[in-house]
>>> print(open('work-v3.pdb').read())   # PDB, C-alpha atoms and all ligand atoms
ATOM      1  CA  MET X  20       0.000   0.000   0.000
ATOM      2  CA  SER X  21       1.085   3.557  -0.630
ATOM      3  CA  THR X  22       2.733   5.555   2.152
ATOM      4  CA  TYR X  23       1.513   8.795   0.627
ATOM      5  CA  THR X  24      -2.178   8.507   1.432
ATOM      6  CA  GLU X  25      -2.335   9.830   4.993
ATOM      7  CA  ASP X  26      -4.221  12.837   3.682
ATOM      8  CA  GLN X  27      -7.477  11.284   2.556
ATOM      9  CA  ARG X  28      -9.088  14.583   1.555
ATOM     10  CA  LYS X  29     -10.243  14.881  -2.031
ATOM     11  CA  VAL X  30      -7.519  16.405  -4.226
ATOM     12  CA  THR X  31      -8.630  19.694  -5.754
ATOM     13  CA  THR X  32      -6.997  22.097  -8.183
ATOM     14  CA  HIS X  33      -6.332  24.429  -5.215
ATOM     15  CA  ARG X  34      -4.588  21.683  -3.290
ATOM     16  CA  LEU X  35      -2.274  21.049  -6.245
ATOM     17  CA  ILE X  36      -1.201  24.693  -6.163
ATOM     18  CA  GLU X  37      -0.639  24.392  -2.391
ATOM     19  CA  MET X  38       1.424  21.244  -2.962
ATOM     20  CA  LYS X  39       3.683  23.154  -5.328
ATOM     21  CA  ALA X  40       4.010  26.012  -2.838
ATOM     22  CA  ARG X  41       5.256  23.652  -0.126
ATOM     23  CA  GLY X  42       7.478  21.693  -2.506
ATOM     24  CA  GLU X  43       5.465  18.464  -2.498
ATOM     25  CA  LYS X  44       5.745  16.658  -5.826
ATOM     26  CA  ILE X  45       2.533  15.734  -7.636
ATOM     27  CA  ALA X  46       1.955  12.200  -8.960
ATOM     28  CA  MET X  47      -0.299  11.815 -12.002
ATOM     29  CA  LEU X  48      -1.094   8.708 -14.049
ATOM     30  CA  THR X  49      -3.531   7.933 -16.831
ATOM     31  CA  ALA X  50      -6.521   5.599 -16.488
ATOM     32  CA  TYR X  51      -9.338   4.766 -18.859
ATOM     33  CA  ASP X  52     -11.634   2.348 -17.002
ATOM     34  CA  TYR X  53     -13.327   1.805 -13.631
ATOM     35  CA  SER X  54     -11.258  -1.100 -12.287
ATOM     36  CA  MET X  55      -7.817   0.369 -12.979
ATOM     37  CA  ALA X  56      -8.886   3.836 -11.832
ATOM     38  CA  LYS X  57     -10.047   2.327  -8.512
ATOM     39  CA  LEU X  58      -6.702   0.550  -7.981
ATOM     40  CA  ILE X  59      -4.710   3.648  -8.919
ATOM     41  CA  ASP X  60      -6.798   5.882  -6.648
ATOM     42  CA  GLU X  61      -6.513   3.436  -3.737
ATOM     43  CA  ALA X  62      -2.709   3.482  -4.139
ATOM     44  CA  GLY X  63      -2.786   7.224  -3.434
ATOM     45  CA  MET X  64      -2.447   8.926  -6.830
ATOM     46  CA  ASP X  65      -2.932  12.708  -6.740
ATOM     47  CA  VAL X  66      -4.268  13.194 -10.267
ATOM     48  CA  ILE X  67      -5.794  10.692 -12.682
ATOM     49  CA  LEU X  68      -5.729  11.763 -16.313
ATOM     50  CA  VAL X  69      -8.278  10.282 -18.673
ATOM     51  CA  GLY X  70      -5.874  10.854 -21.533
ATOM     52  CA  ASP X  71      -6.640  10.745 -25.208
ATOM     53  CA  SER X  72      -3.737   8.254 -25.193
ATOM     54  CA  ALA X  73      -6.744   5.910 -24.854
ATOM     55  CA  SER X  74      -6.630   6.119 -28.639
ATOM     56  CA  ASN X  75      -3.256   4.320 -28.612
ATOM     57  CA  VAL X  76      -3.439   1.988 -25.633
ATOM     58  CA  MET X  77      -7.157   1.157 -25.570
ATOM     59  CA  ALA X  78      -8.204   1.463 -29.219
ATOM     60  CA  GLY X  79      -4.937   0.490 -30.956
ATOM     61  CA  ASN X  80      -4.647   3.628 -33.095
ATOM     62  CA  ILE X  81      -1.268   5.036 -34.091
ATOM     63  CA  THR X  82      -2.114   8.615 -33.082
ATOM     64  CA  THR X  83      -4.491  10.291 -30.625
ATOM     65  CA  LEU X  84      -6.374  12.076 -33.418
ATOM     66  CA  PRO X  85      -9.224   9.573 -33.985
ATOM     67  CA  MET X  86     -10.518   9.901 -30.396
ATOM     68  CA  THR X  87     -14.045  11.363 -30.269
ATOM     69  CA  LEU X  88     -15.766  13.394 -27.567
ATOM     70  CA  ASP X  89     -18.246  10.549 -26.992
ATOM     71  CA  GLN X  90     -15.376   8.090 -26.507
ATOM     72  CA  MET X  91     -13.619  10.408 -24.031
ATOM     73  CA  ILE X  92     -16.859  10.783 -22.085
ATOM     74  CA  TYR X  93     -17.336   7.005 -21.999
ATOM     75  CA  HIS X  94     -13.841   6.498 -20.540
ATOM     76  CA  ALA X  95     -14.161   9.461 -18.151
ATOM     77  CA  LYS X  96     -17.510   8.230 -16.763
ATOM     78  CA  SER X  97     -15.997   4.808 -16.037
ATOM     79  CA  VAL X  98     -12.930   6.323 -14.352
ATOM     80  CA  VAL X  99     -14.898   8.759 -12.180
ATOM     81  CA  LYS X 100     -16.976   5.891 -10.747
ATOM     82  CA  GLY X 101     -13.791   4.239  -9.436
ATOM     83  CA  VAL X 102     -12.190   7.322  -7.873
ATOM     84  CA  LYS X 103     -12.675   8.762  -4.388
ATOM     85  CA  ARG X 104      -9.586  10.888  -3.725
ATOM     86  CA  ALA X 105      -7.678  11.800  -6.893
ATOM     87  CA  LEU X 106      -8.508  14.807  -9.057
ATOM     88  CA  VAL X 107      -9.877  13.512 -12.372
ATOM     89  CA  VAL X 108      -8.767  15.471 -15.450
ATOM     90  CA  VAL X 109     -10.054  14.633 -18.937
ATOM     91  CA  ASP X 110      -8.401  15.418 -22.264
ATOM     92  CA  LEU X 111     -10.471  17.411 -24.705
ATOM     93  CA  PRO X 112      -9.954  15.336 -27.865
ATOM     94  CA  PHE X 113      -8.625  16.590 -31.195
ATOM     95  CA  GLY X 114     -11.259  18.544 -33.105
ATOM     96  CA  SER X 115     -13.412  19.330 -30.083
ATOM     97  CA  TYR X 116     -11.897  22.733 -29.219
ATOM     98  CA  GLN X 117      -9.571  24.025 -31.926
ATOM     99  CA  GLY X 118     -12.335  25.179 -34.311
ATOM    100  CA  ASN X 119     -13.880  27.948 -32.233
ATOM    101  CA  SER X 120     -14.323  28.848 -28.601
ATOM    102  CA  LYS X 121     -18.104  28.221 -28.516
ATOM    103  CA  GLU X 122     -17.575  24.680 -29.720
ATOM    104  CA  ALA X 123     -14.743  24.309 -27.177
ATOM    105  CA  LEU X 124     -17.026  25.373 -24.331
ATOM    106  CA  ALA X 125     -19.787  23.039 -25.509
ATOM    107  CA  SER X 126     -17.292  20.143 -25.553
ATOM    108  CA  ALA X 127     -15.981  20.943 -22.065
ATOM    109  CA  ILE X 128     -19.510  21.278 -20.693
ATOM    110  CA  ARG X 129     -20.450  17.870 -22.110
ATOM    111  CA  ILE X 130     -17.423  16.286 -20.413
ATOM    112  CA  MET X 131     -18.193  17.897 -17.050
ATOM    113  CA  LYS X 132     -21.964  17.228 -17.143
ATOM    114  CA  GLU X 133     -21.863  13.683 -18.483
ATOM    115  CA  SER X 134     -18.740  12.295 -16.783
ATOM    116  CA  HIS X 135     -18.667  14.250 -13.504
ATOM    117  CA  ALA X 136     -14.904  14.727 -13.930
ATOM    118  CA  GLU X 137     -13.343  17.798 -12.329
ATOM    119  CA  ALA X 138     -11.201  19.438 -15.021
ATOM    120  CA  VAL X 139     -10.211  19.300 -18.673
ATOM    121  CA  LYS X 140      -6.803  19.359 -20.344
ATOM    122  CA  MET X 141      -6.096  21.124 -23.632
ATOM    123  CA  GLU X 142      -3.031  21.062 -25.894
ATOM    124  CA  GLY X 143      -1.511  24.327 -27.109
ATOM    125  CA  GLY X 144      -0.707  27.911 -26.164
ATOM    126  CA  SER X 145      -1.596  31.218 -27.793
ATOM    127  CA  GLU X 146      -3.402  29.418 -30.670
ATOM    128  CA  ILE X 147      -6.129  28.187 -28.312
ATOM    129  CA  ARG X 148      -6.184  31.105 -25.857
ATOM    130  CA  GLU X 149      -9.758  32.152 -26.688
ATOM    131  CA  SER X 150     -11.090  28.624 -26.186
ATOM    132  CA  VAL X 151      -9.251  28.214 -22.877
ATOM    133  CA  GLU X 152     -10.569  31.577 -21.626
ATOM    134  CA  ARG X 153     -14.144  30.757 -22.561
ATOM    135  CA  ILE X 154     -14.017  27.403 -20.784
ATOM    136  CA  LEU X 155     -12.431  28.976 -17.695
ATOM    137  CA  SER X 156     -15.103  31.683 -17.649
ATOM    138  CA  ALA X 157     -17.731  28.938 -17.317
ATOM    139  CA  GLY X 158     -16.051  27.763 -14.105
ATOM    140  CA  ILE X 159     -14.395  24.723 -15.615
ATOM    141  CA  PRO X 160     -10.781  24.205 -14.454
ATOM    142  CA  VAL X 161      -8.299  23.842 -17.317
ATOM    143  CA  MET X 162      -4.886  22.180 -17.353
ATOM    144  CA  GLY X 163      -2.619  23.286 -20.212
ATOM    145  CA  HIS X 164      -0.302  21.025 -22.218
ATOM    146  CA  LEU X 165       2.818  22.411 -23.940
ATOM    147  CA  GLY X 166       5.917  21.011 -25.642
ATOM    148  CA  LEU X 167       5.219  17.811 -27.549
ATOM    149  CA  THR X 168       1.487  18.011 -28.096
ATOM    150  CA  PRO X 169       0.516  14.685 -29.722
ATOM    151  CA  GLN X 170      -2.660  16.100 -31.315
ATOM    152  CA  SER X 171      -0.300  18.169 -33.549
ATOM    153  CA  ILE X 172       1.840  15.213 -34.635
ATOM    154  CA  ASN X 173       1.006  15.805 -38.284
ATOM    155  CA  LYS X 174       2.403  19.339 -38.006
ATOM    156  CA  PHE X 175       5.542  18.228 -36.107
ATOM    157  CA  GLY X 176       6.087  15.118 -38.262
ATOM    158  CA  THR X 177       7.972  13.414 -35.400
ATOM    159  CA  TYR X 178       7.693  12.597 -31.676
ATOM    160  CA  ALA X 179      11.210  14.004 -31.062
ATOM    161  CA  VAL X 180      12.045  16.380 -28.176
ATOM    162  CA  ARG X 181      10.447  19.834 -28.670
ATOM    163  CA  ALA X 182      11.668  23.366 -27.913
ATOM    164  CA  LYS X 183      15.379  22.643 -28.284
ATOM    165  CA  GLU X 184      15.739  25.762 -30.447
ATOM    166  CA  GLU X 185      15.523  29.197 -28.849
ATOM    167  CA  ALA X 186      12.502  30.476 -30.767
ATOM    168  CA  GLU X 187      10.323  27.498 -29.763
ATOM    169  CA  ALA X 188      11.611  27.624 -26.175
ATOM    170  CA  GLU X 189      10.770  31.346 -25.940
ATOM    171  CA  LYS X 190       7.258  30.712 -27.266
ATOM    172  CA  LEU X 191       6.768  27.884 -24.771
ATOM    173  CA  LYS X 192       7.826  30.135 -21.886
ATOM    174  CA  ALA X 193       5.456  32.878 -23.053
ATOM    175  CA  ASP X 194       2.615  30.374 -23.503
ATOM    176  CA  ALA X 195       3.158  28.959 -20.005
ATOM    177  CA  LEU X 196       2.984  32.415 -18.438
ATOM    178  CA  MET X 197      -0.101  33.267 -20.489
ATOM    179  CA  LEU X 198      -1.880  30.041 -19.423
ATOM    180  CA  GLN X 199      -1.141  30.873 -15.777
ATOM    181  CA  GLU X 200      -2.302  34.478 -16.222
ATOM    182  CA  ILE X 201      -5.664  33.537 -17.725
ATOM    183  CA  GLY X 202      -6.343  31.029 -14.933
ATOM    184  CA  CYS X 203      -5.140  27.498 -15.751
ATOM    185  CA  PHE X 204      -4.404  25.468 -12.612
ATOM    186  CA  GLY X 205      -1.500  23.483 -14.033
ATOM    187  CA  ILE X 206       0.436  22.687 -17.196
ATOM    188  CA  VAL X 207       1.722  19.398 -18.604
ATOM    189  CA  LEU X 208       5.179  19.804 -20.151
ATOM    190  CA  GLU X 209       5.846  16.961 -22.562
ATOM    191  CA  LYS X 210       9.244  15.959 -23.962
ATOM    192  CA  ILE X 211      11.201  19.184 -23.655
ATOM    193  CA  PRO X 212      14.767  19.742 -22.367
ATOM    194  CA  ALA X 213      15.010  19.340 -18.582
ATOM    195  CA  SER X 214      16.651  22.756 -18.203
ATOM    196  CA  LEU X 215      13.721  24.459 -19.951
ATOM    197  CA  ALA X 216      11.149  22.581 -17.840
ATOM    198  CA  THR X 217      13.000  23.617 -14.681
ATOM    199  CA  GLU X 218      13.091  27.247 -15.772
ATOM    200  CA  VAL X 219       9.390  27.276 -16.659
ATOM    201  CA  SER X 220       8.460  25.530 -13.406
ATOM    202  CA  LYS X 221      10.405  28.077 -11.348
ATOM    203  CA  SER X 222       8.754  30.958 -13.191
ATOM    204  CA  LEU X 223       5.203  29.811 -12.381
ATOM    205  CA  ASP X 224       3.046  29.602  -9.246
ATOM    206  CA  ILE X 225       0.873  26.887 -10.787
ATOM    207  CA  PRO X 226       2.338  23.362 -10.956
ATOM    208  CA  THR X 227       3.970  21.859 -14.017
ATOM    209  CA  ILE X 228       3.588  18.132 -14.594
ATOM    210  CA  GLY X 229       6.372  16.677 -16.707
ATOM    211  CA  ILE X 230       6.556  13.700 -19.024
ATOM    212  CA  GLY X 231      10.019  13.378 -20.535
ATOM    213  CA  ALA X 232      10.799  16.821 -19.111
ATOM    214  CA  GLY X 233      13.200  15.914 -16.288
ATOM    215  CA  GLY X 234      13.073  16.192 -12.520
ATOM    216  CA  GLY X 235      12.611  19.965 -12.304
ATOM    217  CA  ALA X 236       8.871  19.810 -13.013
ATOM    218  CA  ASP X 237       6.514  20.000 -10.010
ATOM    219  CA  GLY X 238       5.076  16.581 -10.753
ATOM    220  CA  GLN X 239       5.279  13.687 -13.175
ATOM    221  CA  VAL X 240       2.786  11.892 -15.410
ATOM    222  CA  LEU X 241       3.098   8.584 -17.248
ATOM    223  CA  VAL X 242       0.753   6.515 -19.366
ATOM    224  CA  MET X 243      -0.430   3.633 -17.199
ATOM    225  CA  HIS X 244       0.050   0.898 -19.834
ATOM    226  CA  ASP X 245       3.657   2.014 -20.404
ATOM    227  CA  MET X 246       4.731   2.169 -16.758
ATOM    228  CA  LEU X 247       3.045  -1.131 -15.889
ATOM    229  CA  GLY X 248       4.729  -2.865 -18.829
ATOM    230  CA  ILE X 249       1.438  -3.782 -20.537
ATOM    231  CA  ASN X 250       2.566  -1.990 -23.672
ATOM    232  CA  LYS X 251       6.167  -3.104 -24.171
ATOM    233  CA  GLY X 252       6.471  -1.813 -27.734
ATOM    234  CA  PHE X 253       7.064   1.748 -26.488
ATOM    235  CA  SER X 254      10.388   2.361 -24.750
ATOM    236  CA  PRO X 255      11.377   6.020 -24.785
ATOM    237  CA  ARG X 256      14.318   7.086 -22.603
ATOM    238  CA  PHE X 257      12.040   8.938 -20.159
ATOM    239  CA  LEU X 258       9.916   5.879 -19.347
ATOM    240  CA  ARG X 259      10.524   3.908 -16.152
ATOM    241  CA  ARG X 260       8.755   0.538 -16.022
ATOM    242  CA  TYR X 261       7.418  -0.340 -12.580
ATOM    243  CA  ALA X 262       6.037  -3.752 -13.528
ATOM    244  CA  ASP X 263       6.129  -6.335 -16.290
ATOM    245  CA  LEU X 264       2.409  -7.009 -16.565
ATOM    246  CA  SER X 265       2.620  -8.279 -20.137
ATOM    247  CA  THR X 266       4.702 -11.228 -18.872
ATOM    248  CA  VAL X 267       2.434 -11.731 -15.837
ATOM    249  CA  ILE X 268      -0.662 -11.710 -18.068
ATOM    250  CA  ASN X 269       0.884 -13.929 -20.715
ATOM    251  CA  ASP X 270       1.926 -16.500 -18.070
ATOM    252  CA  ALA X 271      -1.512 -16.468 -16.425
ATOM    253  CA  VAL X 272      -3.409 -16.749 -19.713
ATOM    254  CA  SER X 273      -1.130 -19.529 -21.042
ATOM    255  CA  HIS X 274      -1.611 -21.399 -17.771
ATOM    256  CA  TYR X 275      -5.405 -21.067 -18.057
ATOM    257  CA  ILE X 276      -5.374 -22.272 -21.690
ATOM    258  CA  SER X 277      -3.300 -25.278 -20.696
ATOM    259  CA  ASP X 278      -5.589 -26.074 -17.747
ATOM    260  CA  VAL X 279      -8.665 -25.935 -20.017
ATOM    261  CA  LYS X 280      -7.055 -28.075 -22.716
ATOM    262  CA  THR X 281      -5.939 -30.715 -20.213
ATOM    263  CA  SER X 282      -9.309 -30.680 -18.378
ATOM    264  CA  ASP X 283      -7.499 -29.585 -15.206
ATOM    265  CA  PHE X 284      -9.886 -26.624 -14.938
ATOM    266  CA  PRO X 285     -12.494 -26.679 -13.499
ATOM    267  CA  ASN X 286     -11.879 -29.250 -10.786
ATOM    268  CA  GLU X 287     -14.499 -30.702  -8.442
ATOM    269  CA  LYS X 288     -14.364 -27.771  -6.021
ATOM    270  CA  GLU X 289     -14.823 -25.307  -8.864
ATOM    271  CA  GLN X 290     -18.237 -26.562  -9.883
ATOM    272  CA  TYR X 291     -21.796 -26.740  -8.490
TER
HETATM  273  O1  LIG X 301      -3.142  11.539 -23.322
HETATM  274  C1  LIG X 301      -2.255  11.411 -22.469
HETATM  275  O2  LIG X 301      -2.042  10.346 -21.904
HETATM  276  C2  LIG X 301      -1.465  12.591 -22.138
HETATM  277  C3  LIG X 301      -0.259  12.383 -21.271
HETATM  278  C4  LIG X 301       0.829  11.756 -22.052
HETATM  279  C5  LIG X 301       0.180  13.641 -20.624
HETATM  280  O3  LIG X 301      -1.768  13.658 -22.554
END
>>> encode(input="work-v3.pdb", output="structure tokens")
Amino acid sequence: MSTYTEDQRKVTTHRLIEMKARGEKIAMLTAYDYSMAKLIDEAGMDVILVGDSASNVMAGNITTLPMTLDQMIYHAKSVVKGVKRALVVVDLPFGSYQGNSKEALASAIRIMKESHAEAVKMEGGSEIRESVERILSAGIPVMGHLGLTPQSINKFGTYAVRAKEEAEAEKLKADALMLQEIGCFGIVLEKIPASLATEVSKSLDIPTIGIGAGGGADGQVLVMHDMLGINKGFSPRFLRRYADLSTVINDAVSHYISDVKTSDFPNEKEQY
């Protein structure tokens, strides 16, 4: 069991900002279904992200772009039912907020009303400012996402580290400050140089949550399937695997198949 769960109070966006202020690191992990969300929450996770990475790890797509608003709501509803303590943040999927700010607000409202999640996450900086502001003005907490923003993979053309050049780093710093100024409660920094993430984190009062952004961020996020070793085909340098569930599952399933084939299962005690 986790040693970090003494404080059983519900995690809120305000508490995350307090955690940053007192130097307590924030742990965030993705989840997409009730059972895993319940286990992750019970272990003491601070933030559970219903990521559009569901497109990759749940639906088998190559990118996050195919994910629909209805699919995100389905996953978010299942996750929320399993969570008591963690803050639940849901990704606004590609195409649900970039078009115009009214559409963005309608998408965010659907997520909040139908899933009962507590916040949304949106990829981008100045390009989506109007949409972020409109959603915030409706009382919906927004987490930003800068650096490698997977919904823009077709623009980037690669999943390589972002903001290594000065111009992109300067824009990222300006975007981070702008997101804080307009009222975001936190920002994911994905795959950027550690020195840049540290600088941005120090310049903000709101927490940064890094993925491939080094130890200077105020918290860390990983995709659950990657860190549990369910999805072994993805091994970037930033990923630490905490379990080898693909081997555990393969062994268990092979054992079951063998027991069925040899009529070992079910035995006399396992029947009525
Ligand atoms: O969709 C997702 O899982 C994410 C994380 C990688 C931050 O956005």
>>> resolve_selection(input="work-v3.pdb", expression="the PyMOL selection byres (((chain X and resi 37-48) around 7) and not hetatm)", output="ChimeraX atom specification")
/X:33-36,49-50,64-68,226,237-243
>>> atom_distance(input="work-v3.pdb", atom1="atom CA of X:Val180", atom2="atom CA of X:Glu200")
26.0 Å
>>> resolve_selection(input="work-v3.pdb", expression="the PyMOL selection byres (((chain X and resi 167) around 8) and not hetatm)", output="ChimeraX atom specification")
/X:165-166,168-169,178-181,208-211
>>> atom_distance(input="work-v3.pdb", atom1="atom CA of X:Ile230", atom2="atom CA of X:Gly248")
16.7 Å
>>> resolve_selection(input="work-v3.pdb", expression="the PyMOL selection byres (((chain X and resi 134-149) around 6) and not hetatm)", output="compact mmCIF listing (two decimals) with C-alpha atoms, in the frame of the given file")
# COMPACT_ATOMS: atom_id res chain seq x y z
CA ILE X 92 -16.86 10.78 -22.08
CA ALA X 95 -14.16 9.46 -18.15
CA LYS X 96 -17.51 8.23 -16.76
CA VAL X 107 -9.88 13.51 -12.37
CA VAL X 108 -8.77 15.47 -15.45
CA VAL X 109 -10.05 14.63 -18.94
CA ASP X 110 -8.40 15.42 -22.26
CA LEU X 111 -10.47 17.41 -24.70
CA SER X 120 -14.32 28.85 -28.60
CA ILE X 130 -17.42 16.29 -20.41
CA MET X 131 -18.19 17.90 -17.05
CA LYS X 132 -21.96 17.23 -17.14
CA GLU X 133 -21.86 13.68 -18.48
CA SER X 150 -11.09 28.62 -26.19
CA VAL X 151 -9.25 28.21 -22.88
CA GLU X 152 -10.57 31.58 -21.63
CA PRO X 160 -10.78 24.20 -14.45
CA VAL X 161 -8.30 23.84 -17.32
CA MET X 162 -4.89 22.18 -17.35
CA GLY X 163 -2.62 23.29 -20.21
CA HIS X 164 -0.30 21.02 -22.22
CA LEU X 165 2.82 22.41 -23.94
CA THR X 168 1.49 18.01 -28.10
CA ASP X 194 2.62 30.37 -23.50
>>> axis_aligned_box(input="work-v3.pdb", around="ligand LIG 301 (chain X)", padding_each_side="5 Å", output="lines of an AutoDock Vina configuration file")
center_x = -1.2
center_y = 12.0
center_z = -22.0
size_x = 14.0
size_y = 13.3
size_z = 12.7
>>> closest_residue(input="work-v3.pdb", among="X:Tyr116, X:Tyr51, X:Phe257, X:Phe284", to="X:Val69", atoms="only C-alpha atoms")
X:Tyr51
>>> atom_distance(input="work-v3.pdb", atom1="atom CA of X:Met246", atom2="atom CA of X:Thr177")
22.0 Å
>>> closest_residue(input="work-v3.pdb", among="X:Lys192, X:Lys100, X:Arg28, X:His244", to="X:Arg260", atoms="all atoms listed in the file")
X:His244
>>> residues_around(input="work-v3.pdb", residues="X:Ala236", least_positions_apart="2", cutoff="8 Å", atoms="only C-alpha atoms", output="ChimeraX atom specification")
/X:216-217,220,226-229,232-234,238-239
>>> residues_near_point(input="work-v3.pdb", point="(-9.4, 13.1, -25.7)", cutoff="8 Å", atoms="all atoms listed in the file", output="PyMOL selection string")
chain X and resi 69-73+83+86-88+90-91+109-113
>>> closest_residue(input="work-v3.pdb", among="X:Val76, X:Ile249, X:Ala125, X:Ala193", to="ligand LIG 301 (chain X)", atoms="only C-alpha atoms and all ligand atoms")
X:Val76
>>> closest_residue(input="work-v3.pdb", among="X:Ser54, X:Ser74, X:Gln27, X:Ser214", to="ligand LIG 301 (chain X)", atoms="only C-alpha atoms and all ligand atoms")
X:Ser74
>>> closest_residue(input="work-v3.pdb", among="X:Gln170, X:Thr31, X:Ser115, X:Ser156", to="ligand LIG 301 (chain X)", atoms="all atoms listed in the file")
X:Gln170
>>> closest_residue(input="work-v3.pdb", among="X:Ser171, X:Ser126, X:Thr281, X:Ser97", to="ligand LIG 301 (chain X)", atoms="only C-alpha atoms and all ligand atoms")
X:Ser171
>>> decode(input="work-v3.pdb", residues="stretch 271-278 of chain X", atoms="all heavy atoms", output="compact mmCIF listing (two decimals), in the first residue's frame")
# COMPACT_ATOMS: atom_id res chain seq x y z
N ALA X 271 -0.22 -16.08 -17.00
CA ALA X 271 -1.51 -16.47 -16.43
C ALA X 271 -2.45 -17.02 -17.50
O ALA X 271 -3.10 -18.06 -17.31
CB ALA X 271 -2.15 -15.26 -15.73
N VAL X 272 -2.49 -16.33 -18.65
CA VAL X 272 -3.41 -16.75 -19.71
C VAL X 272 -2.95 -18.09 -20.31
O VAL X 272 -3.77 -18.98 -20.57
CB VAL X 272 -3.53 -15.63 -20.79
CG1 VAL X 272 -4.35 -16.11 -21.98
CG2 VAL X 272 -4.18 -14.38 -20.18
N SER X 273 -1.64 -18.25 -20.50
CA SER X 273 -1.13 -19.53 -21.04
C SER X 273 -1.47 -20.68 -20.10
O SER X 273 -1.85 -21.77 -20.53
CB SER X 273 0.39 -19.50 -21.20
OG SER X 273 0.78 -18.38 -21.89
N HIS X 274 -1.32 -20.39 -18.78
CA HIS X 274 -1.61 -21.40 -17.77
C HIS X 274 -3.08 -21.81 -17.84
O HIS X 274 -3.44 -23.00 -17.80
CB HIS X 274 -1.26 -20.81 -16.39
CG HIS X 274 -1.14 -21.82 -15.31
ND1 HIS X 274 -0.60 -21.53 -14.10
CD2 HIS X 274 -1.52 -23.13 -15.23
CE1 HIS X 274 -0.63 -22.61 -13.33
NE2 HIS X 274 -1.20 -23.59 -14.00
N TYR X 275 -3.96 -20.82 -17.96
CA TYR X 275 -5.41 -21.07 -18.06
C TYR X 275 -5.72 -21.91 -19.30
O TYR X 275 -6.46 -22.90 -19.24
CB TYR X 275 -6.14 -19.72 -18.09
CG TYR X 275 -7.58 -19.78 -18.51
CD1 TYR X 275 -8.53 -20.41 -17.71
CD2 TYR X 275 -8.00 -19.22 -19.72
CE1 TYR X 275 -9.86 -20.47 -18.10
CE2 TYR X 275 -9.32 -19.27 -20.12
CZ TYR X 275 -10.25 -19.90 -19.32
OH TYR X 275 -11.57 -19.96 -19.70
N ILE X 276 -5.13 -21.53 -20.44
CA ILE X 276 -5.37 -22.27 -21.69
C ILE X 276 -4.97 -23.74 -21.50
O ILE X 276 -5.72 -24.66 -21.84
CB ILE X 276 -4.59 -21.64 -22.87
CG1 ILE X 276 -5.13 -20.25 -23.19
CG2 ILE X 276 -4.65 -22.54 -24.11
CD1 ILE X 276 -4.26 -19.45 -24.16
N SER X 277 -3.80 -23.92 -20.91
CA SER X 277 -3.30 -25.28 -20.70
C SER X 277 -4.23 -26.06 -19.77
O SER X 277 -4.54 -27.23 -20.02
CB SER X 277 -1.88 -25.16 -20.15
OG SER X 277 -1.52 -26.31 -19.47
N ASP X 278 -4.69 -25.40 -18.69
CA ASP X 278 -5.59 -26.07 -17.75
C ASP X 278 -6.91 -26.47 -18.41
O ASP X 278 -7.47 -27.54 -18.13
CB ASP X 278 -5.88 -25.16 -16.54
CG ASP X 278 -4.69 -25.09 -15.58
OD1 ASP X 278 -3.70 -25.83 -15.80
OD2 ASP X 278 -4.75 -24.29 -14.63
